[in-house]
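Asks: Sending over work-v7.tsv (TSV, C-alpha atoms and all ligand atoms).
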```tsv
chain	number	residue	atom	x	y	z
A	17	MET	CA	106.76	123.16	103.07
A	18	ASN	CA	107.52	123.58	106.73
A	19	VAL	CA	106.21	120.32	108.26
A	20	GLY	CA	106.16	122.04	111.63
A	21	ALA	CA	103.06	123.86	110.40
A	22	VAL	CA	100.97	120.73	110.91
A	23	ALA	CA	102.68	119.32	114.01
A	24	GLY	CA	100.21	118.63	116.77
A	25	LEU	CA	97.13	118.67	114.52
A	26	ARG	CA	94.56	115.91	114.96
A	27	ILE	CA	93.67	114.57	111.53
A	28	PHE	CA	90.85	112.16	110.63
A	29	VAL	CA	91.77	110.23	107.49
A	30	THR	CA	89.05	108.37	105.60
A	31	GLY	CA	90.46	105.62	103.40
A	32	GLY	CA	93.72	105.68	105.36
A	33	ALA	CA	94.15	101.92	104.95
A	34	GLY	CA	94.31	102.29	101.16
A	35	TYR	CA	97.30	102.93	98.93
A	36	ILE	CA	97.66	106.71	98.97
A	37	GLY	CA	95.96	107.12	102.35
A	38	SER	CA	98.32	104.76	104.17
A	39	ILE	CA	101.40	106.61	102.92
A	40	CYS	CA	99.90	110.00	103.72
A	41	VAL	CA	99.14	108.73	107.25
A	42	GLU	CA	102.77	107.74	107.65
A	43	GLU	CA	103.91	111.21	106.57
A	44	LEU	CA	101.37	112.94	108.85
A	45	LEU	CA	102.64	110.93	111.81
A	46	ASP	CA	106.24	111.71	110.94
A	47	ALA	CA	105.28	115.40	110.86
A	48	GLY	CA	103.92	115.17	114.42
A	49	CYS	CA	100.17	114.86	113.75
A	50	GLN	CA	97.80	112.63	115.69
A	51	VAL	CA	95.99	110.46	113.20
A	52	THR	CA	92.75	108.52	113.24
A	53	VAL	CA	92.07	106.34	110.21
A	54	PHE	CA	88.47	105.58	109.33
A	55	ASP	CA	88.23	102.78	106.78
A	56	ASN	CA	85.84	99.92	106.09
A	57	LEU	CA	88.72	97.78	104.74
A	58	SER	CA	86.65	97.01	101.63
A	59	GLU	CA	89.72	97.79	99.56
A	60	GLY	CA	92.30	98.83	102.12
A	61	HIS	CA	94.36	96.68	104.44
A	62	ARG	CA	94.59	96.63	108.20
A	63	ALA	CA	98.32	95.99	107.92
A	64	ALA	CA	98.74	99.13	105.80
A	65	VAL	CA	97.83	101.37	108.73
A	66	ASP	CA	100.84	102.67	110.63
A	67	ALA	CA	100.98	101.28	114.17
A	68	ARG	CA	101.14	104.85	115.57
A	69	ALA	CA	97.70	105.70	114.16
A	70	GLU	CA	94.33	104.77	115.58
A	71	LEU	CA	92.25	102.71	113.17
A	72	ILE	CA	88.48	102.76	113.36
A	73	VAL	CA	86.96	100.14	111.11
A	74	GLY	CA	83.73	101.66	109.88
A	75	ASP	CA	81.78	102.59	106.79
A	76	LEU	CA	81.07	106.16	105.74
A	77	LEU	CA	77.61	104.99	104.73
A	78	ASP	CA	76.90	104.17	108.38
A	79	GLU	CA	76.05	107.62	109.74
A	80	VAL	CA	75.90	106.49	113.37
A	81	VAL	CA	79.31	104.85	113.42
A	82	LEU	CA	80.81	107.72	111.45
A	83	GLY	CA	79.26	110.36	113.73
A	84	LYS	CA	80.56	108.60	116.84
A	85	ALA	CA	84.04	108.21	115.37
A	86	LEU	CA	84.27	111.86	114.37
A	87	ALA	CA	82.84	113.05	117.70
A	88	ALA	CA	85.33	110.92	119.62
A	89	THR	CA	88.23	112.25	117.55
A	90	ARG	CA	87.22	115.94	117.32
A	91	PRO	CA	89.82	116.48	114.62
A	92	ASP	CA	91.31	119.75	113.42
A	93	GLY	CA	90.87	118.53	109.87
A	94	VAL	CA	89.72	115.66	107.67
A	95	ILE	CA	91.49	114.13	104.70
A	96	HIS	CA	89.01	112.25	102.55
A	97	PHE	CA	90.61	109.50	100.45
A	98	ALA	CA	87.86	106.88	100.79
A	99	ALA	CA	86.11	106.14	97.53
A	100	SER	CA	85.37	103.53	94.96
A	101	ALA	CA	87.84	104.16	92.17
A	102	LEU	CA	87.53	101.69	89.30
A	103	VAL	CA	86.48	103.41	86.10
A	104	GLY	CA	85.34	100.24	84.32
A	105	GLU	CA	83.29	99.06	87.30
A	106	SER	CA	81.66	102.49	87.50
A	107	MET	CA	80.36	102.05	83.93
A	108	ARG	CA	78.65	98.79	84.94
A	109	THR	CA	77.42	99.78	88.41
A	110	PRO	CA	77.12	103.59	88.55
A	111	GLU	CA	74.87	103.27	91.63
A	112	LYS	CA	77.84	102.00	93.68
A	113	TYR	CA	79.82	105.10	92.72
A	114	PHE	CA	77.11	107.61	93.48
A	115	ARG	CA	76.42	105.90	96.81
A	116	ASN	CA	80.02	105.49	97.93
A	117	ASN	CA	81.52	108.67	96.50
A	118	VAL	CA	78.58	111.05	96.80
A	119	VAL	CA	76.16	109.81	99.50
A	120	ALA	CA	79.02	108.72	101.77
A	121	GLY	CA	80.59	112.12	101.14
A	122	VAL	CA	77.42	113.90	102.26
A	123	ASN	CA	77.47	111.80	105.43
A	124	LEU	CA	81.02	112.89	106.09
A	125	LEU	CA	80.30	116.57	105.49
A	126	ASP	CA	77.18	116.44	107.66
A	127	ALA	CA	79.10	114.81	110.49
A	128	MET	CA	81.73	117.53	110.16
A	129	VAL	CA	79.05	120.23	110.32
A	130	ARG	CA	77.52	118.66	113.46
A	131	ILE	CA	80.85	118.55	115.26
A	132	GLY	CA	82.18	121.84	113.90
A	133	VAL	CA	85.14	120.52	111.87
A	134	LYS	CA	85.97	123.23	109.34
A	135	ARG	CA	88.81	121.84	107.27
A	136	LEU	CA	88.81	119.18	104.54
A	137	VAL	CA	91.27	117.91	101.94
A	138	PHE	CA	89.58	115.83	99.26
A	139	SER	CA	91.03	113.35	96.72
A	140	SER	CA	89.52	114.35	93.44
A	141	SER	CA	90.70	113.15	90.06
A	142	CYS	CA	91.74	114.14	86.56
A	143	ALA	CA	88.75	111.95	85.57
A	144	THR	CA	86.60	115.03	86.27
A	145	TYR	CA	87.98	116.55	83.04
A	146	GLY	CA	86.95	113.66	80.78
A	147	LEU	CA	88.77	114.11	77.47
A	148	PRO	CA	90.63	117.36	78.13
A	149	ALA	CA	90.54	120.09	75.51
A	150	ALA	CA	94.12	121.21	76.11
A	151	ILE	CA	97.39	119.62	77.30
A	152	PRO	CA	98.87	120.19	79.82
A	153	VAL	CA	95.58	120.11	81.71
A	154	GLY	CA	95.04	123.27	83.72
A	155	GLU	CA	92.13	123.92	86.06
A	156	SER	CA	90.46	126.10	83.41
A	157	ASN	CA	89.85	123.02	81.23
A	158	PRO	CA	86.11	122.28	81.16
A	159	GLN	CA	85.12	119.49	83.54
A	160	ALA	CA	83.16	117.01	81.45
A	161	PRO	CA	83.61	113.51	82.89
A	162	ILE	CA	82.97	110.55	80.62
A	163	ASN	CA	82.28	107.92	83.28
A	164	PRO	CA	80.31	107.66	86.55
A	165	TYR	CA	83.51	107.60	88.60
A	166	GLY	CA	84.59	111.02	87.25
A	167	THR	CA	81.04	112.32	87.58
A	168	SER	CA	80.84	111.23	91.21
A	169	LYS	CA	84.09	113.06	92.01
A	170	LEU	CA	82.84	116.19	90.26
A	171	MET	CA	79.52	116.05	92.14
A	172	PHE	CA	81.37	115.98	95.44
A	173	GLU	CA	83.57	118.88	94.34
A	174	GLN	CA	80.46	120.88	93.54
A	175	MET	CA	78.91	120.11	96.92
A	176	LEU	CA	82.00	121.45	98.65
A	177	ARG	CA	81.40	124.96	97.33
A	178	TRP	CA	77.97	125.04	99.00
A	179	TYR	CA	79.15	123.49	102.28
A	180	GLU	CA	81.67	126.28	102.46
A	181	GLN	CA	79.07	128.95	101.81
A	182	ALA	CA	76.51	127.52	104.23
A	183	HIS	CA	78.74	125.98	106.92
A	184	GLY	CA	82.18	127.56	106.52
A	185	ILE	CA	84.05	124.36	105.67
A	186	ILE	CA	87.34	125.25	104.00
A	187	SER	CA	88.16	122.56	101.49
A	188	VAL	CA	91.04	121.81	99.17
A	189	GLY	CA	90.24	119.45	96.32
A	190	LEU	CA	93.31	117.84	94.77
A	191	ARG	CA	92.77	116.38	91.31
A	192	PHE	CA	95.32	113.58	91.16
A	193	PHE	CA	96.66	112.26	87.90
A	194	ASN	CA	98.46	108.87	88.11
A	195	VAL	CA	99.89	108.24	91.55
A	196	ALA	CA	102.83	105.83	91.61
A	197	GLY	CA	105.67	104.52	93.76
A	198	ALA	CA	105.93	103.49	97.39
A	199	SER	CA	107.45	104.47	100.69
A	200	ILE	CA	109.81	102.03	102.42
A	201	ARG	CA	106.99	100.45	104.42
A	202	HIS	CA	103.85	101.01	102.37
A	203	GLY	CA	102.98	100.41	98.75
A	204	GLU	CA	100.27	99.77	96.21
A	205	ASP	CA	98.13	96.69	96.80
A	206	HIS	CA	94.71	97.17	95.22
A	207	ARG	CA	92.54	94.06	95.24
A	208	ILE	CA	91.70	94.73	91.61
A	209	GLU	CA	94.75	96.38	90.10
A	210	THR	CA	94.14	98.59	87.08
A	211	HIS	CA	97.26	100.74	87.37
A	212	LEU	CA	100.07	100.24	84.92
A	213	ILE	CA	103.19	100.14	87.11
A	214	PRO	CA	102.06	97.49	89.63
A	215	ASN	CA	100.70	95.38	86.78
A	216	VAL	CA	104.00	95.58	84.91
A	217	LEU	CA	105.87	94.70	88.11
A	218	ARG	CA	103.67	91.64	88.58
A	219	VAL	CA	105.13	90.32	85.35
A	220	ALA	CA	108.62	90.92	86.72
A	221	LEU	CA	107.60	89.05	89.89
A	222	GLY	CA	106.54	86.07	87.77
A	223	GLN	CA	102.87	86.48	88.73
A	224	ARG	CA	101.76	87.27	85.18
A	225	ASP	CA	103.06	86.23	81.77
A	226	HIS	CA	102.86	89.55	79.99
A	227	VAL	CA	101.49	93.05	80.14
A	228	GLU	CA	98.84	94.29	77.72
A	229	ILE	CA	99.29	97.58	75.88
A	230	PHE	CA	95.97	99.12	74.88
A	231	GLY	CA	96.60	101.11	71.71
A	232	THR	CA	99.91	101.38	69.88
A	233	ASP	CA	98.80	103.79	67.16
A	234	TYR	CA	98.28	107.02	69.12
A	235	ALA	CA	99.85	110.26	67.90
A	236	THR	CA	102.63	110.02	70.50
A	237	PRO	CA	106.36	109.40	69.90
A	238	ASP	CA	106.09	105.61	70.40
A	239	GLY	CA	102.37	105.24	69.61
A	240	THR	CA	101.35	104.41	73.21
A	241	CYS	CA	99.37	106.63	75.61
A	242	LEU	CA	101.18	109.28	77.62
A	243	ARG	CA	100.31	109.72	81.29
A	244	ASP	CA	101.46	111.91	84.16
A	245	TYR	CA	102.88	109.87	87.06
A	246	VAL	CA	103.42	111.59	90.37
A	247	HIS	CA	105.23	109.96	93.30
A	248	VAL	CA	102.95	109.00	96.17
A	249	LEU	CA	105.33	110.68	98.65
A	250	ASP	CA	104.98	113.93	96.70
A	251	VAL	CA	101.21	113.48	96.85
A	252	ALA	CA	101.43	112.95	100.61
A	253	ALA	CA	103.53	116.12	100.94
A	254	ALA	CA	100.86	117.99	98.99
A	255	HIS	CA	98.27	116.89	101.56
A	256	LEU	CA	100.34	118.19	104.45
A	257	ALA	CA	100.64	121.51	102.63
A	258	ALA	CA	96.93	121.58	101.81
A	259	LEU	CA	96.09	121.28	105.52
A	260	THR	CA	97.52	124.78	105.98
A	261	ALA	CA	95.19	126.35	103.39
A	262	THR	CA	93.56	129.61	104.36
A	263	GLY	CA	90.88	129.35	101.67
A	264	SER	CA	89.13	126.78	99.53
A	265	GLY	CA	90.26	125.76	96.06
A	266	PHE	CA	90.64	123.00	93.50
A	267	TYR	CA	94.06	122.11	92.17
A	268	ASN	CA	95.59	119.69	89.70
A	269	LEU	CA	98.30	117.53	91.16
A	270	GLY	CA	100.77	115.90	88.82
A	271	ASN	CA	104.34	115.77	87.78
A	272	GLY	CA	103.96	117.87	84.65
A	273	ALA	CA	105.94	115.28	82.65
A	274	GLY	CA	104.26	112.67	80.49
A	275	TYR	CA	105.64	109.16	80.24
A	276	SER	CA	104.31	106.77	77.61
A	277	VAL	CA	103.21	103.24	78.41
A	278	GLY	CA	106.18	102.09	76.34
A	279	GLU	CA	108.59	104.23	78.39
A	280	VAL	CA	107.16	102.89	81.65
A	281	ILE	CA	107.66	99.32	80.52
A	282	THR	CA	111.22	100.04	79.32
A	283	CYS	CA	111.98	101.66	82.67
A	284	CYS	CA	110.55	98.64	84.54
A	285	ARG	CA	112.69	96.29	82.41
A	286	ARG	CA	115.80	98.26	83.26
A	287	ILE	CA	115.08	98.35	86.99
A	288	THR	CA	113.88	94.77	87.41
A	289	GLY	CA	116.21	93.09	84.86
A	290	HIS	CA	113.16	91.14	83.59
A	291	PRO	CA	112.29	91.08	79.86
A	292	ILE	CA	108.58	91.86	80.61
A	293	PRO	CA	106.85	90.56	77.47
A	294	THR	CA	104.04	92.71	76.07
A	295	VAL	CA	100.93	92.00	74.00
A	296	ALA	CA	99.44	94.78	71.86
A	297	ARG	CA	95.67	95.23	72.17
A	298	PRO	CA	93.29	97.65	70.45
A	299	ARG	CA	92.68	101.08	71.99
A	300	ARG	CA	90.23	101.24	74.90
A	301	GLU	CA	87.24	103.51	74.46
A	302	GLY	CA	87.65	106.80	76.30
A	303	ASP	CA	91.44	106.63	76.72
A	304	PRO	CA	92.89	109.99	75.68
A	305	ALA	CA	96.27	109.86	73.93
A	306	CYS	CA	97.84	112.21	76.44
A	307	LEU	CA	97.02	113.28	80.01
A	308	VAL	CA	99.56	115.58	81.60
A	309	ALA	CA	98.85	117.94	84.48
A	310	ASP	CA	99.62	121.59	84.80
A	311	SER	CA	100.10	121.85	88.58
A	312	GLY	CA	101.23	125.46	88.47
A	313	LYS	CA	98.28	126.69	90.53
A	314	PHE	CA	99.03	124.35	93.43
A	315	LYS	CA	102.77	125.02	93.23
A	316	SER	CA	102.35	128.76	93.49
A	317	ALA	CA	99.67	128.59	96.20
A	318	PHE	CA	101.51	126.14	98.47
A	319	GLY	CA	105.18	126.19	97.38
A	320	TRP	CA	104.90	122.49	96.53
A	321	GLN	CA	107.23	120.81	94.05
A	322	PRO	CA	107.36	117.16	93.02
A	323	LEU	CA	110.72	116.15	94.53
A	324	ARG	CA	110.72	112.65	93.02
A	325	ALA	CA	109.69	113.55	89.49
A	326	ASP	CA	111.90	110.99	87.80
A	327	LEU	CA	109.99	107.93	86.61
A	328	ALA	CA	112.93	105.66	87.52
A	329	GLU	CA	112.67	106.75	91.16
A	330	MET	CA	108.96	105.94	91.24
A	331	VAL	CA	109.45	102.53	89.64
A	332	ALA	CA	112.46	101.71	91.83
A	333	SER	CA	110.54	102.51	95.03
A	334	ALA	CA	107.55	100.43	93.88
A	335	TRP	CA	109.82	97.55	92.85
A	336	ALA	CA	111.63	97.58	96.20
A	337	TRP	CA	108.28	97.38	98.02
A	338	HIS	CA	106.86	94.66	95.77
A	339	GLN	CA	110.01	92.59	96.17
A	340	ARG	CA	109.71	92.83	99.93
A	341	GLN	CA	106.00	92.00	99.85
A	342	PRO	CA	105.36	90.12	96.61
A	343	HIS	CA	101.88	89.12	97.75
A	344	GLY	CA	101.00	92.50	99.15
A	345	TYR	CA	99.70	93.02	102.64
A	346	GLN	CA	98.72	90.29	104.99
A	347	ASP	CA	95.18	90.96	106.15
A	348	VAL	CA	95.36	89.51	109.62
A	349	PHE	CA	91.64	89.64	110.42
A	350	SER	CA	88.69	89.26	108.12
A	351	ILE	CA	86.52	92.34	107.58
A	352	GLY	CA	83.69	91.09	109.75
A	353	SER	CA	85.76	89.90	112.67
A	354	ILE	CA	85.58	93.13	114.65
A	355	ALA	CA	82.38	95.02	115.38
A	356	PRO	CA	81.97	98.07	113.14
A	357	GLY	CA	83.25	101.25	114.72
A	358	THR	CA	85.51	99.50	117.21
A	359	PRO	CA	88.70	101.53	117.67
A	360	HIS	CA	91.83	99.53	118.24
A	361	ARG	CA	95.54	99.99	117.93
A	362	GLN	CA	97.32	98.33	115.08
A	363	LEU	CA	99.77	95.51	115.29
A	364	ALA	CA	103.21	96.14	113.85
A	365	THR	CA	102.96	95.76	110.11
A	366	THR	CA	105.73	95.07	107.71
A	367	HIS	CA	108.02	92.33	108.90
A	368	HIS	CA	105.55	89.45	108.86
A	369	HIS	CA	104.28	89.81	105.32
A	370	GLU	CA	106.80	88.11	103.12
A	371	SER	CA	105.51	84.58	103.22
A	372	CYS	CA	101.81	85.42	103.29
A	373	HIS	CA	99.27	85.47	100.54
A	374	GLN	CA	97.18	88.46	99.68
A	375	THR	CA	93.56	88.05	100.63
A	376	GLY	CA	90.51	89.43	98.86
B	401	LIG	N1	95.54	105.87	92.77
B	401	LIG	C1	95.49	106.86	91.88
B	401	LIG	O1	96.34	106.95	90.97
B	401	LIG	C2	94.38	107.90	91.98
B	401	LIG	C3	94.22	108.83	90.93
B	401	LIG	C4	93.21	109.79	91.05
B	401	LIG	C5	92.41	109.85	92.18
B	401	LIG	N2	92.57	108.93	93.16
B	401	LIG	C6	91.70	109.00	94.35
B	401	LIG	O2	92.51	108.92	95.50
B	401	LIG	C7	91.81	108.25	96.55
B	401	LIG	C8	92.68	107.12	97.10
B	401	LIG	O3	93.03	106.24	96.04
B	401	LIG	P1	93.78	104.86	96.33
B	401	LIG	O4	94.43	104.44	95.07
B	401	LIG	O5	94.57	104.99	97.57
B	401	LIG	O6	92.51	103.92	96.59
B	401	LIG	P2	92.34	102.69	97.61
B	401	LIG	O7	91.20	101.87	97.08
B	401	LIG	O8	93.64	102.02	97.82
B	401	LIG	O9	91.89	103.41	98.95
B	401	LIG	C9	90.57	103.79	99.22
B	401	LIG	C10	90.27	103.37	100.64
B	401	LIG	O10	88.95	103.80	101.00
B	401	LIG	C11	88.31	102.77	101.74
B	401	LIG	N3	86.86	102.95	101.56
B	401	LIG	C12	86.17	102.90	100.39
B	401	LIG	N4	84.87	103.12	100.63
B	401	LIG	C13	84.73	103.34	101.97
B	401	LIG	C14	83.63	103.61	102.82
B	401	LIG	N5	82.38	103.70	102.35
B	401	LIG	N6	83.85	103.77	104.13
B	401	LIG	C15	85.12	103.67	104.64
B	401	LIG	N7	86.19	103.40	103.88
B	401	LIG	C16	86.00	103.23	102.56
B	401	LIG	C17	88.86	101.48	101.15
B	401	LIG	O11	88.77	100.38	102.01
B	401	LIG	C18	90.31	101.87	100.86
B	401	LIG	O12	91.15	101.60	101.97
B	401	LIG	C19	90.49	107.79	95.96
B	401	LIG	O13	89.50	108.72	96.34
B	401	LIG	C20	90.72	107.84	94.46
B	401	LIG	O14	89.52	108.10	93.77
B	401	LIG	C21	93.53	107.95	93.09
```
Would you write out, as structure tokens, the structure that this file holds?
Ligand SMILES: NC(=O)c1ccc[n+]([C@@H]2O[C@H](COP(=O)([O-])OP(=O)(O)OC[C@H]3O[C@@H](n4cnc5c(N)ncnc54)[C@H](O)[C@@H]3O)[C@@H](O)[C@H]2O)c1

Replies:
Amino acid sequence: MNVGAVAGLRIFVTGGAGYIGSICVEELLDAGCQVTVFDNLSEGHRAAVDARAELIVGDLLDEVVLGKALAATRPDGVIHFAASALVGESMRTPEKYFRNNVVAGVNLLDAMVRIGVKRLVFSSSCATYGLPAAIPVGESNPQAPINPYGTSKLMFEQMLRWYEQAHGIISVGLRFFNVAGASIRHGEDHRIETHLIPNVLRVALGQRDHVEIFGTDYATPDGTCLRDYVHVLDVAAAHLAALTATGSGFYNLGNGAGYSVGEVITCCRRITGHPIPTVARPRREGDPACLVADSGKFKSAFGWQPLRADLAEMVASAWAWHQRQPHGYQDVFSIGSIAPGTPHRQLATTHHHESCHQTG
């Protein structure tokens, strides 16, 4: 994609202090965009926000703060990463997911309507498909989520169609599969980590004894689940491309290659030089044997290609970041220490993390 196409755009990024959001913000800035991050730091990190961006600490559920932030920014477009995204938690507390992923989403769309912002890129998920009927998963697969998280993402997708019809908001919904890897400065530091690669790397860092493998008797070459991992920088590039959309649409975003849990662990062993012991556990309910994306629709619409499709490149970039910041980001201020909605510039981020402990 020609990055010049987005140069000069003002972009409002919800969830821009989180894993994928922070790296997308970095890429937007490098492409010449002006970026405002809106994040309540419930899961994200102040230090993950690029110093060139404006950070507004606020909650999408607070309509007043959100409305003021959007009105002050008057963006050309919004990228909406903010969400609650833990499948297991969503089974126990569905209300949190419908509030944070659906109600908060309505607040965002309504604020956009009031101010006249007509462009949105939304982080959806392969969880909207549930147990897919066909592999690779194309957009024609029926969407039948099997948990509240997937349902909440699908509900927001469905709302987008009507906000376009009634209010002319052009939206691109990107259904991510497994996002992995890091940029030089930003990486994956979820407070509760459920993703395979960072959890395997924690063993290599000596922070855990072993990694658990859930299910070793699937009908896959090595008996472990196959998943589609796509590099976070390729995901960020997809967002820049999606900002140039001339019409609305929903697209799968993945690598198109499946890697088994066993292959990921072997790759991590090779890159880290650590034996990474494993413990076999029974299958988890609702885990399909294989989840691989067909991203053909997005590729042909936007000319996007995953440029870092090799698993080793994803693991190596994540490992480099985790080695530099073994305890993740340093959260300099506590969440409540600045009044909600207060814009402020960020302090420089990366160099002071090494000796600090992750908070939260
Ligand atoms: N990580 C993946 O592999 C993956 C896969 C599929 C879909 N997704 C989707 O991509 C998006 C980003 O994922 P991530 O891994 O970067 O998650 P993340 O938790 O690192 O980032 C989400 C950010 O949103 C913020 N946030 C949450 N609720 C908010 C609210 N009410 N108001 C303001 N800010 C709020 C959090 O503080 C956090 O910084 C999510 O929508 C997720 O559902 C991620």

Asks: Could you give me, as a PyMOL selection string, every polymer residue with an atom at most 8 Å away from an atom of ligand LIG 401 (chain B), counting all atoms listed in the file?

Replies: chain A and resi 30-38+54-61+73-77+96-101+116-117+120+138-143+165+169+191-196+204-206+211

Asks: Using only C-alpha atoms and a cutoff of 10 Å, can you tell me which residues are near (102.8, 112.9, 112.8) in the file's coordinates, and write them out as a list in words?

Replies: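 The distance filter leaves exactly Val19, Gly20, Val22, Ala23, Gly24, Leu25, Arg26, Ile27, Cys40, Val41, Glu42, Glu43, Leu44, Leu45, Asp46, Ala47, Gly48, Cys49, Gln50, Val51, Arg68 and Ala69 of chain A.
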
Asks: Return the single residue from A:Pro110, A:Gln321, A:Ala182, A:Thr260 that is closest to A:Val129, with distances computed using all atoms listed in the file.

Replies: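 Using all atoms listed in the file, A:Val129 sits closest to A:Ala182.
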
Asks: Using all atoms listed in the file for the distances, tell me which of A:Glu209, A:Ser199, A:Thr52, A:Asn157 is nearest to A:Leu102.

Replies: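 Counting all atoms listed in the file, the residue closest to A:Leu102 is A:Glu209.
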
Asks: Name the closest residue to A:Ala309 among the candidates A:Leu176, A:Ala253, A:Val153, A:Val331; distances are taken between atoms, counting all atoms listed in the file.

Replies: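 The closest residue to A:Ala309 is A:Val153.
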
Asks: Mind giving me the straight-line distance from atom CA of A:Val29 to atom CA of A:Tyr145 in Å, one decimal?

Replies: 25.5 Å

Asks: Would you mind listing what lies within 8 Å of A:Gly272 as a ChimeraX atom specification, with all atoms listed in the file counted and same-chain residues fewer than 5 positions away left out?

Replies: /A:152,244,308-311

Asks: Would you work out the distance separating atom CA of A:Gly222 from atom CA of A:Gln346, expressed in Å to one decimal?

Replies: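 Here the two named atoms are 19.4 Å from each other.
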
Asks: Could you jot down the atom CA of A:Thr167 to atom CA of A:Glu105 separation for me, Å, one decimal place?

Replies: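 Separation of atom CA of A:Thr167 and atom CA of A:Glu105: 13.5 Å.
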
Asks: Looking at only C-alpha atoms, which of A:Pro298, A:Gly319, A:Gly203, A:Gly184 is the one that sits closest to A:Leu249?

Replies: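 Closest to A:Leu249, using only C-alpha atoms: A:Gly203.
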
Asks: Please provide the set of residues having any atom within 12 Å of stretch 233-240 of chain A, restricted to all atoms listed in the file, with same-chain residues fewer than 6 positions apart removed, written as a PyMOL selection string.

Replies: chain A and resi 274-282+296-300+303-307

Asks: Out of A:His202, A:Arg218, A:Lys134, A:Lys313, which residue has the shortest atom-to-atom distance to A:His343 when counting only C-alpha atoms?

Replies: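 Answer, going by the shortest atom-to-atom distance: A:Arg218.
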
Asks: Select, from A:Ala328, A:Cys241, A:Val94, A:Ala88, the residue with the minimum atom-to-atom distance to A:Met128, counting all atoms listed in the file.

Replies: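 Distance minimum relative to A:Met128 lands on A:Val94.
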
Asks: Residues proximal to (85.2, 115.3, 120.6) were defined as those with any atom within 12 Å of that point in the file's coordinates, counting all atoms listed in the file. Which are they, as number ranges by chain?

Replies: A: 26, 28, 83-92, 127-128, 130-133

Asks: Write out as JSON an axis-aligned box for stretch 46-54 of chain A: all of its atoms listed in the file, 6 Å added on each side, centre and edge lengths in Å with one decimal.

Replies:
```
{"center_x": 97.4, "center_y": 110.5, "center_z": 112.5, "size_x": 29.8, "size_y": 21.8, "size_z": 18.4}
```

Asks: Tell me which protein, DNA and RNA residues are within 10 Å of A:Cys284, counting all atoms listed in the file, leaving out same-chain ones fewer than 5 positions away, and put them as a compact mmCIF listing (two decimals) with C-alpha atoms, keeping the file's coordinate frame.

Replies:
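Saved to out_23.txt:
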```txt
# COMPACT_ATOMS: atom_id res chain seq x y z
CA ILE A 213 103.19 100.14 87.11
CA PRO A 214 102.06 97.49 89.63
CA VAL A 216 104.00 95.58 84.91
CA LEU A 217 105.87 94.70 88.11
CA VAL A 219 105.13 90.32 85.35
CA ALA A 220 108.62 90.92 86.72
CA GLY A 278 106.18 102.09 76.34
CA GLU A 279 108.59 104.23 78.39
CA GLY A 289 116.21 93.09 84.86
CA HIS A 290 113.16 91.14 83.59
CA PRO A 291 112.29 91.08 79.86
CA ILE A 292 108.58 91.86 80.61
CA LEU A 327 109.99 107.93 86.61
CA ALA A 328 112.93 105.66 87.52
CA VAL A 331 109.45 102.53 89.64
CA ALA A 332 112.46 101.71 91.83
CA ALA A 334 107.55 100.43 93.88
CA TRP A 335 109.82 97.55 92.85
```

Asks: Mind filling out stretch 70-80 of chain A with N, CA and C atoms and sending it as a compact mmCIF listing (two decimals), in the frame of the given file?

Replies:
```txt
# COMPACT_ATOMS: atom_id res chain seq x y z
N GLU A 70 95.51 105.52 115.12
CA GLU A 70 94.33 104.77 115.58
C GLU A 70 93.53 104.39 114.34
N LEU A 71 93.09 103.14 114.29
CA LEU A 71 92.25 102.71 113.17
C LEU A 71 90.84 102.45 113.69
N ILE A 72 89.88 103.09 113.08
CA ILE A 72 88.48 102.76 113.36
C ILE A 72 87.93 102.11 112.10
N VAL A 73 87.52 100.85 112.25
CA VAL A 73 86.96 100.14 111.11
C VAL A 73 85.49 100.51 111.03
N GLY A 74 85.12 101.22 110.01
CA GLY A 74 83.73 101.66 109.88
C GLY A 74 83.48 102.12 108.46
N ASP A 75 82.19 102.23 108.14
CA ASP A 75 81.78 102.59 106.79
C ASP A 75 81.18 103.99 106.79
N LEU A 76 81.60 104.79 105.84
CA LEU A 76 81.07 106.16 105.74
C LEU A 76 79.57 106.17 105.48
N LEU A 77 79.06 105.05 104.98
CA LEU A 77 77.61 104.99 104.73
C LEU A 77 76.84 104.75 106.01
N ASP A 78 77.54 104.39 107.08
CA ASP A 78 76.90 104.17 108.38
C ASP A 78 77.03 105.47 109.20
N GLU A 79 75.97 106.28 109.14
CA GLU A 79 76.05 107.62 109.74
C GLU A 79 76.30 107.58 111.25
N VAL A 80 75.75 106.55 111.91
CA VAL A 80 75.90 106.49 113.37
C VAL A 80 77.35 106.23 113.74
```
